[in-house]
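Encoded as structure tokens, the structure appears first; notes follow it.
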Amino acid sequence: MWTPELAVLRGFATEAERQQWKQEGTSGPESGSFLQLLLEGSYKAILLHSMTQNILNSTMVTEEKIDSYLEKQIMSFLDCSTDLDETERQRLVFLLGVSSLQLFVQSNWTGPPVHSYPQDFLPSLSFQQFSEAKELDTVVLSLLILDGESVYSLTSVPALLLLARIILVNVRHKLTAIQSLPWWTLRYVTIHQQLLEERSPQLFALAENCIDQVMKLENLFVDDSCRYLAIQFHLECAYVFLNYYEYKKAKDQFSIAKDISRLQINLTGALGKRTRFQENYVAQLILDVRREGDAPSWCEFSPAATPQEYLIKNLELNDDTVLNEIKLADCEQFQVPDLCAEELAVILGVCTNFQKSNPVHKLTEEELLAFTSCLLSQPKFWAIQTSALILRTKLERGSTRRVERAMRQTQALADQFEDKTTSVLERLKVFYSCQVPPHWAIQRQLASLLFELGCTSSALQIFEKLEMWEDVVICYERMGHHGKAEEILRQELEKKETPSLYCLLGDVLRDHSFYDKAWELSLHRSARAQRSKALLHLRNREFQECVVCFERSVKINPMQLGVWFSLGCAYLALEDYGGSAKAFQRCVTLEPDNAEAWNNLSTSYIRLKQKVKAFRTLQEALKCNYEHWQIWENYILTSTDVGEFSEAIKAYHRLLDLRDKYKDVQVLKILVRAVVSGITDRSGDVATGLRGKLQELLGRVTSRVTNDGEIWRLYAQVYGDGQSEKPEENEKAFQYLSKAYKCDTQSSCWEKDITSFKEVIQRALGLAHVAIKCSESKSNPQEAVQMLSSVRLHLRGLLSKAKQNFTDVASGEISGELVDDVAAVDTLVQELQDLSNQFRNQY
């Protein structure tokens, strides 16, 4: 490996390395000059260097595309230049590629802005076909479109990224002398992806290839001096995986980085005060960070901290009640050790992973604020400070006491891009190990915060300045200026026709012809055009046409999460459950914590009669959203279908938590039958073992739903329905059957309908038999008499109602349908009377 490669990766050289380079003469005069300028942060100077001009310039007039021309020039320099040896030529091209990428990042991410124009470093011949630089930018932006996804229109100096792409991707096979090249290609992927509207499968495939190549570089992470670089690499990999929905791989990479850093990071509780007037210390959530072993060695290989005056200020809360930060009772106990750049980046990475793998919830927000408080307690590095403050402002925008600070902080974050006090070298320290958004994304966050606070006009001004026309349209719609949205889009189309503008016009006017125009203009490469057209079909419930458009869109770019979800919904509407299952399967592959997608996938499996698969997918859905009662309802039905009775009982309990008066008699009947009859569950275990759990559940159900006789009878069945060998169980069964009888007789019109009346008589007879059985085991004769008398009263009441409602007026006789039932009741009343007399004789 070329010795300076490690210094280029980390962004600085140690004093020992500089001395070594001098002694060994590791670089030629030209590459040495490039290297020095690169490590000083003078990226523009490299692009203006005479050697760069020699590489890129040609005397031949050409009509070919700018990317083809640049690639040909660089290849020609690598293959044919006679002045320099092959290795020196490769080093020069590599350093030129890195400088282009770094200057592009400076122009769009970190600032301070560099007034760099393509004509400063690109050959003059390439400008002859363009009347102005803006035309060249438009052409370059079109060359950066991947997988049909458009690039942000106000990207500054896109020619820099094009040059970096040509060197780090297109001609990388020629740069065999540069071992760290795949790592820089990975960094290019991270940057290019953030310019695109949706995820690019093409970039993800390239990223995976680069990661594999870097992993094979044994001498890159050989000794302890490379420990810090190893942490950076694994963090960068984690963010790539996170961006492409590979959450498990991302988690593994974050864990490796954490293990290398030897940090113990845990959320814990500590006594503290949160408000000014709080008298007692109470438990507060904080982040406990500890380092295993001794303080880290080789600090020279980790970047030096940036002086605080060059970092963005962490603004005070200035609230009359809430303290700026938690005041701990014992500050020493949870003192965070002095952390280096990579260690702070690991904490930020763990925080980001925590945010992605947990649901949006108040508790999650509090946990994330504990992370940001820890990171902001050690303001040392521009990238980490900026990332932590951006996260905190997102979390605070929903709090009435903190939203004002969130507003001021977001404004400060947006303003720092133009501020020239902090050098680009300071800003780029561990930049790729964090997820700092481009400067327009921060300005958009500011505008969206203004929009949420009702300052629509102020938000509109920012969105118009950023040329974020979709947000501009939303602002005009909210202000009630529906015609203005169309007007401004037509004005922009007059300046330049683009597929995205036609798509937005189609959104505003809900007209398919504009999507068709965008599709033709993009030469059938715009995933957005087909996506928008499909969504309009979906809105109009034209599902067949909608499916065709969605399929075209995902064929161009298969990494569109929302499109796969909408496609699945369209297939469900068409009752094509195979298609919906495939679409939702892709959806959950891209985003494993999408509860709605898991739920819909299970619905598809249920319709396909694949109930075991449906059960498993619903389990995944519940991991993602534990509060969604509809998912729990699907889960309870699927559990009973597949014989997971224990899970069905658990699900019923959860539904009672979520919906106070929830009841499903059918499910309870299945569970009671399974337990009483001893049916085996899906695992082969006999359900009788769940009797105790089912009794507990029915106890809870009947405490909420007291007026359903069917549920009381099911409760009695679990206790043997009065036929148990245990007297106490028969006693309970009698109580529950009595309550069931009471519910039956309190319902309306039962005594008028002969069928209902017969059912009530049969239930009353059953209750009487249970009463007789219970009385036999009573030790106290008075209690037995009381029980028998109450049942006898029920039966006499039924006899009188039978005579009153069902006696033939002419003959004076009871209806033939009830003769046998009334006779049985008469006989039982007499039996109860005799039994009561026997017990009275025992007084």
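Identifiers in the structure tokens: chain A, B, ... in order shown; residue index from 1 per chain; ligand index from 1 in order shown.
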Worksheet entry | Non-local contacts of His769 in chain A (12 Å; only C-alpha atoms; under 4 positions in same chain excluded) as a list of chain:residue names | A:Asp721, A:Gly722, A:Gln723, A:Asn730, A:Ala733, A:Phe734, A:Leu737, A:Gln762, A:Arg763, A:Ala764, A:Leu765, A:Lys773, A:Cys774, A:Ser775, A:Glu776, A:Met787, A:Leu788, A:Val791, A:Arg792, A:Leu795, A:Ala824, A:Val825, A:Leu828, A:Val829, A:Glu831, A:Leu832
Worksheet item: Any idea what's packed within 8 Å of Leu376 in chain A, counting only C-alpha atoms, ignoring anything in its chain fewer than 2 positions away? Could you give it as a count of residues only?
Response: 9
Practice prompt. Write out as a PyMOL selection string which residues come within 10 Å of Val548 in chain A when counting only C-alpha atoms, dropping same-chain ones fewer than 3 positions away.
Written response: chain A and resi 530+534+543-545+551-553+567
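Of the residues listed (A:Val686, A:Arg89, A:Val214, A:Ile636), A:Ile636 shows the shortest atom-to-atom separation from Gln666 in chain A; distances use only C-alpha atoms.
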Worksheet item: Could you name the residues that touch Val346 in chain A at 7 Å or less, counting only C-alpha atoms, but leaving out those on the same chain fewer than 3 positions away, as a ChimeraX atom specification?
Response: /A:257-258,342-343,349-350
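Here CA of Leu161 in chain A and CA of Val105 in chain A stand 8.9 Å from one another.
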Worksheet item: Near Tyr188 in chain A, counting only C-alpha atoms, which residues have an atom at most 12 Å away, once you skip same-chain residues fewer than 3 positions from it, shown as a PyMOL selection string?
Response: chain A and resi 97-102+104-105+160-169+181-185+191-195+203-204+206-207+210+236+240+432
Restricting it to N, CA and C atoms, dump the selection as a CSV table (one decimal), in the first residue's frame.
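Once everything was written out, this is result-v5.csv:
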```csv
chain,number,residue,atom,x,y,z
A,97,GLY,N,-9.4,12.6,-8.1
A,97,GLY,CA,-10.8,12.1,-7.8
A,97,GLY,C,-11.2,12.4,-6.4
A,98,VAL,N,-10.3,12.2,-5.4
A,98,VAL,CA,-10.6,12.4,-4.0
A,98,VAL,C,-10.9,13.9,-3.8
A,99,SER,N,-10.0,14.8,-4.4
A,99,SER,CA,-10.2,16.2,-4.3
A,99,SER,C,-11.5,16.7,-4.9
A,100,SER,N,-11.9,16.1,-6.0
A,100,SER,CA,-13.2,16.5,-6.6
A,100,SER,C,-14.3,16.1,-5.7
A,101,LEU,N,-14.3,14.9,-5.1
A,101,LEU,CA,-15.3,14.5,-4.1
A,101,LEU,C,-15.4,15.4,-2.9
A,102,GLN,N,-14.2,15.7,-2.4
A,102,GLN,CA,-14.1,16.6,-1.2
A,102,GLN,C,-14.6,18.0,-1.5
A,104,PHE,N,-16.8,18.8,-3.8
A,104,PHE,CA,-18.2,18.7,-4.0
A,104,PHE,C,-18.9,18.7,-2.6
A,105,VAL,N,-18.4,17.9,-1.7
A,105,VAL,CA,-18.9,17.9,-0.3
A,105,VAL,C,-18.9,19.2,0.3
A,160,LEU,N,-18.2,18.4,-10.4
A,160,LEU,CA,-17.2,17.8,-9.5
A,160,LEU,C,-17.5,16.3,-9.2
A,161,LEU,N,-18.8,16.1,-8.9
A,161,LEU,CA,-19.3,14.7,-8.6
A,161,LEU,C,-19.1,13.8,-9.9
A,162,LEU,N,-19.4,14.4,-11.0
A,162,LEU,CA,-19.2,13.6,-12.3
A,162,LEU,C,-17.7,13.2,-12.4
A,163,LEU,N,-16.8,14.1,-12.2
A,163,LEU,CA,-15.4,13.8,-12.3
A,163,LEU,C,-15.0,12.8,-11.3
A,164,ALA,N,-15.5,12.9,-10.0
A,164,ALA,CA,-15.2,11.9,-9.0
A,164,ALA,C,-15.8,10.6,-9.4
A,165,ARG,N,-17.0,10.5,-10.0
A,165,ARG,CA,-17.6,9.3,-10.4
A,165,ARG,C,-16.7,8.6,-11.5
A,166,ILE,N,-16.3,9.4,-12.5
A,166,ILE,CA,-15.5,8.8,-13.6
A,166,ILE,C,-14.2,8.2,-13.0
A,167,ILE,N,-13.5,8.9,-12.0
A,167,ILE,CA,-12.3,8.4,-11.5
A,167,ILE,C,-12.5,7.2,-10.5
A,168,LEU,N,-13.4,7.4,-9.6
A,168,LEU,CA,-13.6,6.4,-8.5
A,168,LEU,C,-14.5,5.2,-8.9
A,169,VAL,N,-15.2,5.3,-10.0
A,169,VAL,CA,-16.1,4.2,-10.5
A,169,VAL,C,-15.7,3.7,-11.9
A,181,LEU,N,-8.8,2.6,-2.7
A,181,LEU,CA,-9.7,3.1,-3.7
A,181,LEU,C,-11.2,2.7,-3.4
A,182,PRO,N,-11.5,1.4,-3.2
A,182,PRO,CA,-12.9,1.0,-2.9
A,182,PRO,C,-13.5,1.7,-1.8
A,183,TRP,N,-12.7,2.1,-0.8
A,183,TRP,CA,-13.3,2.9,0.3
A,183,TRP,C,-13.8,4.2,-0.1
A,184,TRP,N,-13.0,4.9,-1.0
A,184,TRP,CA,-13.3,6.2,-1.5
A,184,TRP,C,-14.5,6.1,-2.5
A,185,THR,N,-14.6,4.9,-3.2
A,185,THR,CA,-15.8,4.7,-4.0
A,185,THR,C,-17.0,4.6,-3.2
A,191,ILE,N,-22.5,9.9,-1.0
A,191,ILE,CA,-22.8,11.3,-1.4
A,191,ILE,C,-23.8,11.3,-2.5
A,192,HIS,N,-23.6,10.5,-3.6
A,192,HIS,CA,-24.4,10.5,-4.8
A,192,HIS,C,-25.9,10.1,-4.4
A,193,GLN,N,-26.0,9.1,-3.5
A,193,GLN,CA,-27.3,8.6,-3.1
A,193,GLN,C,-28.2,9.7,-2.5
A,194,GLN,N,-27.5,10.6,-1.7
A,194,GLN,CA,-28.3,11.7,-1.1
A,194,GLN,C,-28.8,12.7,-2.0
A,195,LEU,N,-28.4,12.7,-3.3
A,195,LEU,CA,-28.9,13.7,-4.3
A,195,LEU,C,-30.1,13.1,-4.9
A,203,LEU,N,-26.5,1.9,-7.2
A,203,LEU,CA,-25.5,2.4,-6.2
A,203,LEU,C,-25.3,1.4,-5.1
A,204,PHE,N,-26.4,0.8,-4.7
A,204,PHE,CA,-26.3,-0.2,-3.6
A,204,PHE,C,-25.4,-1.4,-4.0
A,206,LEU,N,-23.0,-1.4,-6.1
A,206,LEU,CA,-21.7,-0.8,-6.1
A,206,LEU,C,-21.1,-0.8,-4.7
A,207,ALA,N,-21.9,-0.3,-3.8
A,207,ALA,CA,-21.5,-0.1,-2.3
A,207,ALA,C,-21.2,-1.5,-1.7
A,210,CYS,N,-17.9,-2.7,-3.0
A,210,CYS,CA,-16.8,-1.9,-2.4
A,210,CYS,C,-16.5,-2.4,-1.0
A,236,GLU,N,-19.2,3.8,8.5
A,236,GLU,CA,-19.7,4.2,7.2
A,236,GLU,C,-20.5,3.1,6.5
A,240,VAL,N,-24.5,3.1,5.2
A,240,VAL,CA,-24.9,2.6,3.9
A,240,VAL,C,-26.0,1.6,4.0
A,432,TYR,N,-17.6,11.4,7.2
A,432,TYR,CA,-18.2,10.3,6.5
A,432,TYR,C,-18.7,9.2,7.6
```
Discussion item. I'd like to know which residues of range 61-217 of chain A are strand (DSSP E or B) (by DSSP, run on the backbone); could you write them as a PyMOL selection string?
Written reply: chain A and resi 146+149+151+196
Worksheet item: So which residues touch range 261-265 of chain A within 6 Å, counting only C-alpha atoms, skipping near sequence neighbours fewer than 3 positions away, as a list in words?
Response: Lys258, Asp288, Val289, Arg290, Arg291 and Glu292 of chain A
Practice prompt. Give the alpha helix (DSSP H) residues of range 356-488 of chain A, as DSSP finds them on the backbone, and put them as a ChimeraX atom specification.
Written response: /A:356,362-376,382-396,403-415,424-427,439-452,456-465,469-479,482-488
Expected file: the selected residues, C-alpha atoms, as a PDB file, in the first residue's frame:
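Result file follows (out.pdb):
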```pdb
ATOM      1  CA  LYS A 356     -34.358   3.384  13.188  1.00  0.00           C
ATOM      2  CA  LYS A 362     -42.750   9.500  23.411  1.00  0.00           C
ATOM      3  CA  LEU A 363     -40.512   7.045  25.287  1.00  0.00           C
ATOM      4  CA  THR A 364     -38.275   6.605  22.211  1.00  0.00           C
ATOM      5  CA  GLU A 365     -37.930  10.411  21.985  1.00  0.00           C
ATOM      6  CA  GLU A 366     -36.825  10.612  25.632  1.00  0.00           C
ATOM      7  CA  GLU A 367     -34.265   7.861  25.047  1.00  0.00           C
ATOM      8  CA  LEU A 368     -32.886   9.643  21.965  1.00  0.00           C
ATOM      9  CA  LEU A 369     -32.662  12.938  23.889  1.00  0.00           C
ATOM     10  CA  ALA A 370     -30.469  11.120  26.438  1.00  0.00           C
ATOM     11  CA  PHE A 371     -28.086  10.275  23.554  1.00  0.00           C
ATOM     12  CA  THR A 372     -28.053  13.841  22.199  1.00  0.00           C
ATOM     13  CA  SER A 373     -27.414  15.290  25.699  1.00  0.00           C
ATOM     14  CA  CYS A 374     -24.380  13.026  26.055  1.00  0.00           C
ATOM     15  CA  LEU A 375     -23.009  13.964  22.615  1.00  0.00           C
ATOM     16  CA  LEU A 376     -23.558  17.694  23.149  1.00  0.00           C
ATOM     17  CA  TRP A 382     -18.206  19.922  13.638  1.00  0.00           C
ATOM     18  CA  ALA A 383     -19.843  16.863  12.004  1.00  0.00           C
ATOM     19  CA  ILE A 384     -20.865  15.255  15.317  1.00  0.00           C
ATOM     20  CA  GLN A 385     -22.084  18.521  16.851  1.00  0.00           C
ATOM     21  CA  THR A 386     -24.147  19.294  13.738  1.00  0.00           C
ATOM     22  CA  SER A 387     -25.659  15.779  13.534  1.00  0.00           C
ATOM     23  CA  ALA A 388     -26.577  15.758  17.240  1.00  0.00           C
ATOM     24  CA  LEU A 389     -28.186  19.215  17.062  1.00  0.00           C
ATOM     25  CA  ILE A 390     -30.180  18.285  13.936  1.00  0.00           C
ATOM     26  CA  LEU A 391     -31.544  15.206  15.716  1.00  0.00           C
ATOM     27  CA  ARG A 392     -32.388  17.218  18.841  1.00  0.00           C
ATOM     28  CA  THR A 393     -34.288  19.865  16.859  1.00  0.00           C
ATOM     29  CA  LYS A 394     -36.362  17.114  15.213  1.00  0.00           C
ATOM     30  CA  LEU A 395     -37.209  15.692  18.642  1.00  0.00           C
ATOM     31  CA  GLU A 396     -37.989  19.080  20.209  1.00  0.00           C
ATOM     32  CA  VAL A 403     -40.122  24.324  19.927  1.00  0.00           C
ATOM     33  CA  GLU A 404     -38.806  27.902  20.130  1.00  0.00           C
ATOM     34  CA  ARG A 405     -35.267  26.626  20.781  1.00  0.00           C
ATOM     35  CA  ALA A 406     -35.686  24.068  17.956  1.00  0.00           C
ATOM     36  CA  MET A 407     -36.587  26.946  15.655  1.00  0.00           C
ATOM     37  CA  ARG A 408     -33.584  29.096  16.628  1.00  0.00           C
ATOM     38  CA  GLN A 409     -31.212  26.118  16.497  1.00  0.00           C
ATOM     39  CA  THR A 410     -32.374  25.043  13.033  1.00  0.00           C
ATOM     40  CA  GLN A 411     -31.865  28.607  11.806  1.00  0.00           C
ATOM     41  CA  ALA A 412     -28.327  28.593  13.251  1.00  0.00           C
ATOM     42  CA  LEU A 413     -27.634  25.219  11.587  1.00  0.00           C
ATOM     43  CA  ALA A 414     -28.809  26.580   8.241  1.00  0.00           C
ATOM     44  CA  ASP A 415     -26.704  29.751   8.614  1.00  0.00           C
ATOM     45  CA  VAL A 424     -13.285  22.851   5.660  1.00  0.00           C
ATOM     46  CA  LEU A 425     -10.627  20.565   7.203  1.00  0.00           C
ATOM     47  CA  GLU A 426     -12.246  20.993  10.630  1.00  0.00           C
ATOM     48  CA  ARG A 427     -15.692  20.350   9.170  1.00  0.00           C
ATOM     49  CA  HIS A 439     -27.283  22.145   3.444  1.00  0.00           C
ATOM     50  CA  TRP A 440     -30.559  22.323   1.478  1.00  0.00           C
ATOM     51  CA  ALA A 441     -32.004  19.495   3.612  1.00  0.00           C
ATOM     52  CA  ILE A 442     -31.360  21.587   6.761  1.00  0.00           C
ATOM     53  CA  GLN A 443     -33.028  24.603   5.128  1.00  0.00           C
ATOM     54  CA  ARG A 444     -35.952  22.380   4.180  1.00  0.00           C
ATOM     55  CA  GLN A 445     -36.198  21.230   7.818  1.00  0.00           C
ATOM     56  CA  LEU A 446     -36.362  24.905   8.830  1.00  0.00           C
ATOM     57  CA  ALA A 447     -39.116  25.583   6.283  1.00  0.00           C
ATOM     58  CA  SER A 448     -41.158  22.530   7.349  1.00  0.00           C
ATOM     59  CA  LEU A 449     -40.888  23.662  10.996  1.00  0.00           C
ATOM     60  CA  LEU A 450     -42.186  27.103   9.988  1.00  0.00           C
ATOM     61  CA  PHE A 451     -44.994  25.395   8.051  1.00  0.00           C
ATOM     62  CA  GLU A 452     -45.969  23.338  11.124  1.00  0.00           C
ATOM     63  CA  THR A 456     -46.824  29.286   5.733  1.00  0.00           C
ATOM     64  CA  SER A 457     -45.652  32.411   3.847  1.00  0.00           C
ATOM     65  CA  SER A 458     -42.160  32.235   5.414  1.00  0.00           C
ATOM     66  CA  ALA A 459     -41.961  28.504   4.649  1.00  0.00           C
ATOM     67  CA  LEU A 460     -43.084  29.199   1.067  1.00  0.00           C
ATOM     68  CA  GLN A 461     -40.254  31.706   0.534  1.00  0.00           C
ATOM     69  CA  ILE A 462     -37.643  29.127   1.595  1.00  0.00           C
ATOM     70  CA  PHE A 463     -39.183  26.339  -0.511  1.00  0.00           C
ATOM     71  CA  GLU A 464     -39.284  28.613  -3.584  1.00  0.00           C
ATOM     72  CA  LYS A 465     -35.668  29.616  -3.045  1.00  0.00           C
ATOM     73  CA  TRP A 469     -41.751  22.711  -6.030  1.00  0.00           C
ATOM     74  CA  GLU A 470     -43.636  19.870  -4.369  1.00  0.00           C
ATOM     75  CA  ASP A 471     -43.475  21.687  -1.019  1.00  0.00           C
ATOM     76  CA  VAL A 472     -44.302  24.991  -2.763  1.00  0.00           C
ATOM     77  CA  VAL A 473     -47.484  23.410  -4.135  1.00  0.00           C
ATOM     78  CA  ILE A 474     -48.450  22.142  -0.641  1.00  0.00           C
ATOM     79  CA  CYS A 475     -47.955  25.662   0.793  1.00  0.00           C
ATOM     80  CA  TYR A 476     -50.133  27.251  -1.894  1.00  0.00           C
ATOM     81  CA  GLU A 477     -52.812  24.595  -1.369  1.00  0.00           C
ATOM     82  CA  ARG A 478     -52.810  25.294   2.374  1.00  0.00           C
ATOM     83  CA  MET A 479     -53.103  29.040   1.751  1.00  0.00           C
ATOM     84  CA  HIS A 482     -54.995  26.637  -5.819  1.00  0.00           C
ATOM     85  CA  GLY A 483     -54.481  28.439  -9.128  1.00  0.00           C
ATOM     86  CA  LYS A 484     -51.117  29.859  -8.023  1.00  0.00           C
ATOM     87  CA  ALA A 485     -49.596  26.379  -7.722  1.00  0.00           C
ATOM     88  CA  GLU A 486     -50.429  25.642 -11.361  1.00  0.00           C
ATOM     89  CA  GLU A 487     -49.220  29.069 -12.453  1.00  0.00           C
ATOM     90  CA  ILE A 488     -45.780  28.763 -10.860  1.00  0.00           C
TER      91      ILE A 488
END
```
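Among A:Leu267, A:Pro112, A:Arg10, A:Gln119, the residue with the shortest atom-to-atom distance to Ala341 in chain A, counting only C-alpha atoms, is A:Arg10.
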Fill in: Option closest in space to His524 in chain A, from A:Leu622, A:Glu149, A:Ala674, A:Gln416 [counting only C-alpha atoms]
A:Glu149
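Restricting the calculation to only C-alpha atoms, the smallest distance between Gln735 in chain A and any of A:Ser790, A:Ser756, A:Gln106, A:Gln610 is found for A:Ser790.
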Item to complete: Find, counting only C-alpha atoms, the residue in A:Lys44, A:Arg402, A:Lys327, A:Arg528 that gets nearest to Leu196 in chain A.
Response: A:Arg528
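Of the listed residues (A:Lys65, A:Arg682, A:Arg525, A:Lys380), A:Arg682 comes nearest to Glu644 in chain A; the distances count only C-alpha atoms.
Here CA of Leu323 in chain A and CA of Phe417 in chain A stand 29.4 Å from one another.
CA of Ala159 in chain A is found 15.1 Å from CA of Asn57 in chain A.
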